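Visitor: Before anything else, here's the structure in question.
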Amino acid sequence: MKFARGHGKSRVAYNVIAAIYRGLGDSNSPLLFVGVACAINVVGDLLFVAVLGMNVAAKRR
């Protein structure tokens, strides 16, 4: 299961929890979670790249 390495495990965990909430009829909690995660990602990107001067690098496989 190569897809479950690294961040794949967190994606699987999110999808399982979101499916449980949707099954219980609560679709707002997964949406709120994704919105907060996206906002944290944008702020973190700006902090590390623009403020701290870290480069944008990608790893090729």
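So you can find residues: chains in the structure tokens are A, B, ... in the order shown, residues in each start at 1, and ligands are numbered from 1 in order.
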Skipping near chain neighbours, those fewer than 4 positions away, what residues fall within 12 Å of A:Leu31 using only C-alpha atoms, listed as a ChimeraX atom specification?

Guide: /A:14-15,17-19,21-22,26-27,35-38

Visitor: Let's have the selection written as a CSV table (one decimal), in the first residue's frame, with C-alpha atoms.

Guide:
```
chain,number,residue,atom,x,y,z
A,14,TYR,CA,-9.9,12.3,7.4
A,15,ASN,CA,-12.0,10.5,4.8
A,17,ILE,CA,-14.1,10.5,10.0
A,18,ALA,CA,-15.8,12.7,7.4
A,19,ALA,CA,-17.8,9.7,6.1
A,21,TYR,CA,-20.1,12.5,10.2
A,22,ARG,CA,-21.9,12.6,6.8
A,26,ASP,CA,-23.5,16.3,9.9
A,27,SER,CA,-21.9,17.6,6.8
A,35,GLY,CA,-11.8,25.3,5.6
A,36,VAL,CA,-9.6,25.7,8.7
A,37,ALA,CA,-7.0,23.4,7.3
A,38,CYS,CA,-6.8,25.4,4.0
```
